[in-house]
Structures are given as structure tokens and as C-alpha cells.
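Here the structure comes first, spelled out in C-alpha cells, and everything after it is commentary.
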Amino acid sequence: MAEPGILLVDKPSGITSHDVVARTRRARGTRKVGHAGTLDPMATGLLVVGVEHATRLLTFIVGLDKTYLATIRLGQTTTTDDADGDIDVRASAESVAEATEERIRDGVAALTGTISQVPSAVSAIKVDGRRAYDLVRAGEDVELKSREVTISRFEIVSITREADHIDVDVEVDCTSGTYIRALARDLGSALGTGGHLTRLRRTRIGEFAVDSAFSVEDLEDASLVAPAEVASRVLGSLDVSADEARDLRHGKRIDAPERFDGLRAAIDPSGALVGVVERRGSAMKSTMNMPQVER
């Protein structure tokens with residue numbers, strides 16, 4: 001069995017998240033590989049990949065807040081709301097000129113905070129069991145429901161003007177499920193110029209940063225983040241005795257050693273992750289156990 005853990009991968013542009021999973025399977029010699037949070041082929045940056053039984057932790061990672069660096073091009077719309085699509089509308093020079101810096105900043109401010117967002121039609125969201133982007137490619141009209149997302153930071157880094165378009169470099173902190181392509185689309189719509197993404201890079205998922213990630217060329221030798229460290233960073237840790245660890249692994253409820261809300265990573269005396277526990281009154285019980293590995 002391959003060593004279990006989490007790989008932090010810096011995905012390059014031009015390949016899919018599934019391609020990274022396939023390369024990881026070959027590099028680590030196991031089929032049991034998954035990832036938390038798809039990146040579009042155009043996008044680069046942090047992809048969290050689980051190996052062996054550490055894939056069980058991905059469900060606790062996928063919903064974490066994220067940070068993106070992006071470039072929004074105002075003055076053009078595309079069929080996919082990003083640079084992978086074909087340009088279908090170009091704004092007039094007058095409309096581009098009327099998109100002043102003040103109006104751009106006001107538009108960004110209006111998209112900051114808790115907002116209702118309609119995801120891009122060319123997305124991986126399922127509609128009646130089929131991916132939205134497959135329906136679009138098949139020529140079907142797709143109308144996705146709006147969802148509430150929170151943009152805690154939508155910061156303009158720079159604004160570059162050309163005769164027929166404006167490039168706005170931004171940094172975004174947001175909740176899981178936010179579509180940065182949709183932010184570009186909606187900002188362009190509000191300004192009357194249209195807009196799409198020309199660059200997207202994910203730099204953070206929860207406590208994990210792209211600065212610590214490995215390239216896809218280094219997957220075979222890349223160091224793994226141990227399951228106990230991952231779960232502790234995501235959920236917070238709770239030390240348990242050897243007897244308590246045994247009982248938790250057997251599905252028993254035990255007295256909670258301290259008060260806590262939500263979920264915690266139970267760590268045994270050897271430093272191994274027993275599983276994820278939740279408190280029920282004065283007791284606690286494992287909601288997800290990890291296989292016990294001989295050390």
C-alpha cells in the first residue's frame with residue numbers, strides 16, 4: 001500500500017484536475033487517489049490531493065474558504081466566461097471609456113459580502129444527473145439556480161487600460177462554491193462592458209497555501225502531509241489515550257475529555273489519527289475512523 005497522506009499540488013494551466021489525479025495514481029502506485037475542489041483547465045494553483053485512506057479527509061477540506069488571484073477583462077464576453085471560450089460580444093470603445101476606475105471600484109464593492117450568485121452555465125454542476133457543461137456543449141439551454149456565497153475580500157490589485165478593453169487584477173477571499181468566472185461576468189454586466197476571466201490562480205484552501213505545493217513533475221517524490229496533521233489543521237485536535245482510541249475505533253461512545261463544538265481530530269499517544277469525533281452531550285463518538293497502521 002502506498003503511504004497515506006495529502007499532497008499539495010500546484011496545478012499548471014492546460015490540464016484538468018482529473019489529469020492530476022491520474023498522474024498521482026501512476027506516481028504513487030495506487031488507484032486510491034482523489035482531490036478536493038476542481039480547478040478548470042485554464043486555472044492554475046493549489047489542488048489538494050488525497051492518497052490512500054487520507055482520501056477520507058477530503059470531505060472536510062472541500063468546503064473550506066479559498067483565495068484566488070485573477071484577471072478580469074472588461075470589454076469582452078466569451079462563451080465560457082473565461083479565456084477558454086470564444087469571444088461572442090465586444091463592447092464599444094465608448095462603453096469601455098465609460099467604465100471609469102470609480103465605477104469599477106463601485107462594481108467590485110457591490111459584489112463584496114454575502115451575495116446571490118448564478119454559477120456559470122459552463123460549470124461542473126449537475127442538472128438532472130448531467131454536468132452543466134456537457135448540456136451546453138450538446139446545444140441545450142441551461143439555467144442554473146442562484147446560490148448564496150460570501151466574498152469576504154474582493155481587492156483590486158491593478159487596473160490596466162487598452163483601447164478596447166480593461167484588465168483588472170484582483171485578489172478574492174470567498175466561501176466554497178463561489179465561481180470567480182461569475183464574478184467577472186457580473187462585474188462586466190453591471191458596467192455595461194461585459195467581462196470574462198483571462199487568468200485564475202488558487203493560492204489558498206483553508207490553512208493550506210500554494211507556497212507549500214509541489215509541481216506535477218515532482219509527484220513521485222513530493223512529501224505528503226500526514227493525516228493527523230491535516231485533520232488537526234482543519235478541525236483542531238483532541239488527544240486521547242490508547243484505551244480511548246481503541247474504544248473509538250470500535251465505535252463506542254466515550255466521555256469527552258473536554259468541551260468542544262463541532263468536529264475534532266482524535267489523536268492517539270503515538271501521534272496517529274484515530275478518526276474524526278463529534279461531541280454528543282458529555283460523550284463523544286467517532287463519525288469517521290481511519291485504519292490503524294502499524295508503526
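So you can find residues: chains in the C-alpha cells are A, B, ... in the order shown, residues in each start at 1, and ligands are numbered from 1 in order.
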Within 9 Å of stretch 31-36 of chain A, counting only C-alpha atoms, which residues show up once you throw out same-chain ones fewer than 5 positions away? Write them as a PDB file with N, CA and C atoms, in the first residue's frame, please.
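Here's the written file out_0.pdb:
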ATOM      1  N   SER A  17      -8.136  18.780 -13.398  1.00  0.00           N
ATOM      2  CA  SER A  17      -7.883  18.246 -12.052  1.00  0.00           C
ATOM      3  C   SER A  17      -7.836  16.725 -12.096  1.00  0.00           C
ATOM      4  N   HIS A  18      -8.663  16.123 -12.959  1.00  0.00           N
ATOM      5  CA  HIS A  18      -8.641  14.664 -13.101  1.00  0.00           C
ATOM      6  C   HIS A  18      -7.303  14.194 -13.671  1.00  0.00           C
ATOM      7  N   VAL A  20      -4.457  15.492 -12.985  1.00  0.00           N
ATOM      8  CA  VAL A  20      -3.549  15.484 -11.835  1.00  0.00           C
ATOM      9  C   VAL A  20      -3.759  14.222 -11.004  1.00  0.00           C
ATOM     10  N   VAL A  21      -5.021  13.834 -10.810  1.00  0.00           N
ATOM     11  CA  VAL A  21      -5.322  12.606 -10.076  1.00  0.00           C
ATOM     12  C   VAL A  21      -4.722  11.396 -10.803  1.00  0.00           C
ATOM     13  N   ALA A  22      -4.883  11.338 -12.121  1.00  0.00           N
ATOM     14  CA  ALA A  22      -4.354  10.215 -12.897  1.00  0.00           C
ATOM     15  C   ALA A  22      -2.826  10.148 -12.792  1.00  0.00           C
ATOM     16  N   THR A  24      -1.048  11.307 -10.332  1.00  0.00           N
ATOM     17  CA  THR A  24      -0.722  10.933  -8.961  1.00  0.00           C
ATOM     18  C   THR A  24      -0.856   9.430  -8.768  1.00  0.00           C
ATOM     19  N   ARG A  25      -1.888   8.828  -9.349  1.00  0.00           N
ATOM     20  CA  ARG A  25      -2.052   7.373  -9.252  1.00  0.00           C
ATOM     21  C   ARG A  25      -0.834   6.643  -9.795  1.00  0.00           C
ATOM     22  N   ARG A  26      -0.344   7.118 -10.949  1.00  0.00           N
ATOM     23  CA  ARG A  26       0.841   6.475 -11.534  1.00  0.00           C
ATOM     24  C   ARG A  26       2.070   6.734 -10.680  1.00  0.00           C
ATOM     25  N   LEU A  47      -4.189  22.507  -5.655  1.00  0.00           N
ATOM     26  CA  LEU A  47      -5.111  21.384  -5.707  1.00  0.00           C
ATOM     27  C   LEU A  47      -4.713  20.445  -4.569  1.00  0.00           C
ATOM     28  N   VAL A  48      -5.650  20.150  -3.689  1.00  0.00           N
ATOM     29  CA  VAL A  48      -5.392  19.252  -2.558  1.00  0.00           C
ATOM     30  C   VAL A  48      -5.765  17.839  -2.981  1.00  0.00           C
ATOM     31  N   VAL A  49      -4.779  16.943  -2.943  1.00  0.00           N
ATOM     32  CA  VAL A  49      -4.952  15.577  -3.431  1.00  0.00           C
ATOM     33  C   VAL A  49      -4.765  14.600  -2.274  1.00  0.00           C
ATOM     34  N   GLY A  50      -5.714  13.701  -2.100  1.00  0.00           N
ATOM     35  CA  GLY A  50      -5.628  12.683  -1.054  1.00  0.00           C
ATOM     36  C   GLY A  50      -5.129  11.363  -1.620  1.00  0.00           C
ATOM     37  N   VAL A  51      -4.275  10.690  -0.850  1.00  0.00           N
ATOM     38  CA  VAL A  51      -3.702   9.404  -1.258  1.00  0.00           C
ATOM     39  C   VAL A  51      -4.070   8.343  -0.219  1.00  0.00           C
ATOM     40  N   GLU A  52      -4.503   7.171  -0.710  1.00  0.00           N
ATOM     41  CA  GLU A  52      -4.928   6.059   0.144  1.00  0.00           C
ATOM     42  C   GLU A  52      -6.040   6.512   1.099  1.00  0.00           C
ATOM     43  N   HIS A  53      -6.015   6.052   2.363  1.00  0.00           N
ATOM     44  CA  HIS A  53      -7.164   6.349   3.212  1.00  0.00           C
ATOM     45  C   HIS A  53      -7.244   7.814   3.640  1.00  0.00           C
ATOM     46  N   ALA A  54      -6.239   8.615   3.302  1.00  0.00           N
ATOM     47  CA  ALA A  54      -6.340  10.057   3.549  1.00  0.00           C
ATOM     48  C   ALA A  54      -7.396  10.702   2.652  1.00  0.00           C
ATOM     49  N   THR A  55      -7.863   9.960   1.620  1.00  0.00           N
ATOM     50  CA  THR A  55      -8.961  10.493   0.796  1.00  0.00           C
ATOM     51  C   THR A  55     -10.210  10.727   1.647  1.00  0.00           C
ATOM     52  N   LEU A  58     -10.842  14.382   2.555  1.00  0.00           N
ATOM     53  CA  LEU A  58     -11.145  15.390   1.537  1.00  0.00           C
ATOM     54  C   LEU A  58     -12.505  16.035   1.767  1.00  0.00           C
ATOM     55  N   THR A  59     -13.442  15.278   2.300  1.00  0.00           N
ATOM     56  CA  THR A  59     -14.772  15.827   2.543  1.00  0.00           C
ATOM     57  C   THR A  59     -14.758  16.982   3.540  1.00  0.00           C
ATOM     58  N   PHE A  60     -13.737  17.011   4.429  1.00  0.00           N
ATOM     59  CA  PHE A  60     -13.617  18.094   5.407  1.00  0.00           C
ATOM     60  C   PHE A  60     -12.839  19.284   4.845  1.00  0.00           C
ATOM     61  N   ILE A  61     -12.195  19.098   3.692  1.00  0.00           N
ATOM     62  CA  ILE A  61     -11.365  20.140   3.082  1.00  0.00           C
ATOM     63  C   ILE A  61     -12.117  20.895   1.994  1.00  0.00           C
ATOM     64  N   VAL A  62     -12.968  20.183   1.264  1.00  0.00           N
ATOM     65  CA  VAL A  62     -13.597  20.760   0.072  1.00  0.00           C
ATOM     66  C   VAL A  62     -14.441  21.992   0.391  1.00  0.00           C
ATOM     67  N   GLY A  63     -14.989  22.066   1.578  1.00  0.00           N
ATOM     68  CA  GLY A  63     -15.852  23.188   1.924  1.00  0.00           C
ATOM     69  C   GLY A  63     -15.156  24.373   2.557  1.00  0.00           C
TER      70      GLY A  63
END
Using only C-alpha atoms, which residues sit within 10 Å of A:Ala184 once same-chain residues fewer than 6 positions away are excluded, as a count of residues only? 15
Taking into account only C-alpha atoms, which residue in the set A:Thr287, A:Glu171, A:Val225, A:Glu162 is nearest to A:Ser212? A:Val225
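For A:Ile104, the list of residues within 12 Å, based on only C-alpha atoms and with local chain neighbours fewer than 6 positions off taken out, reads Ile72, Arg73, Leu74, Val96, Ala97, Glu98, Ala110, Leu111, Phe154, Glu155, Ile156, Ser158, Ile159, Thr160, Ile166, Asp167, Val168, Asp169, Val170, Ala184, Asp186, Leu187, Gly188, Ser189, Ala190, Leu191, Gly192, Thr193 and Gly195 of chain A.
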Just C-alpha atoms for this one: save the residues we selected as a PDB file, in the first residue's frame.
ATOM      1  CA  ILE A  72     -10.917  40.191 -15.229  1.00  0.00           C
ATOM      2  CA  ARG A  73     -11.032  41.539 -18.772  1.00  0.00           C
ATOM      3  CA  LEU A  74     -13.771  44.148 -19.210  1.00  0.00           C
ATOM      4  CA  VAL A  96     -15.089  50.831 -22.274  1.00  0.00           C
ATOM      5  CA  ALA A  97     -14.176  54.502 -21.777  1.00  0.00           C
ATOM      6  CA  GLU A  98     -17.232  55.000 -19.559  1.00  0.00           C
ATOM      7  CA  ALA A 110     -21.368  45.713  -4.868  1.00  0.00           C
ATOM      8  CA  LEU A 111     -20.106  42.149  -5.337  1.00  0.00           C
ATOM      9  CA  PHE A 154     -12.588  41.478  -3.344  1.00  0.00           C
ATOM     10  CA  GLU A 155      -9.491  43.628  -3.702  1.00  0.00           C
ATOM     11  CA  ILE A 156      -8.353  45.426  -6.829  1.00  0.00           C
ATOM     12  CA  SER A 158      -4.218  46.949 -10.506  1.00  0.00           C
ATOM     13  CA  ILE A 159      -6.162  48.338 -13.469  1.00  0.00           C
ATOM     14  CA  THR A 160      -4.651  48.366 -16.973  1.00  0.00           C
ATOM     15  CA  ILE A 166      -9.624  46.957 -19.409  1.00  0.00           C
ATOM     16  CA  ASP A 167      -7.723  44.330 -17.412  1.00  0.00           C
ATOM     17  CA  VAL A 168      -8.459  44.333 -13.680  1.00  0.00           C
ATOM     18  CA  ASP A 169      -6.154  42.237 -11.485  1.00  0.00           C
ATOM     19  CA  VAL A 170      -7.938  41.177  -8.287  1.00  0.00           C
ATOM     20  CA  ALA A 184     -16.105  38.545 -13.836  1.00  0.00           C
ATOM     21  CA  ASP A 186     -21.434  40.004 -13.285  1.00  0.00           C
ATOM     22  CA  LEU A 187     -18.941  42.866 -12.900  1.00  0.00           C
ATOM     23  CA  GLY A 188     -18.834  43.296 -16.686  1.00  0.00           C
ATOM     24  CA  SER A 189     -22.611  43.156 -16.892  1.00  0.00           C
ATOM     25  CA  ALA A 190     -23.024  45.828 -14.215  1.00  0.00           C
ATOM     26  CA  LEU A 191     -20.576  48.115 -16.025  1.00  0.00           C
ATOM     27  CA  GLY A 192     -22.167  47.556 -19.438  1.00  0.00           C
ATOM     28  CA  THR A 193     -18.917  46.280 -20.911  1.00  0.00           C
ATOM     29  CA  GLY A 195     -16.385  40.673 -18.815  1.00  0.00           C
TER      30      GLY A 195
END
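For the pair atom CA of A:Leu69 and atom CA of A:Arg90, the interatomic distance is 24.2 Å.
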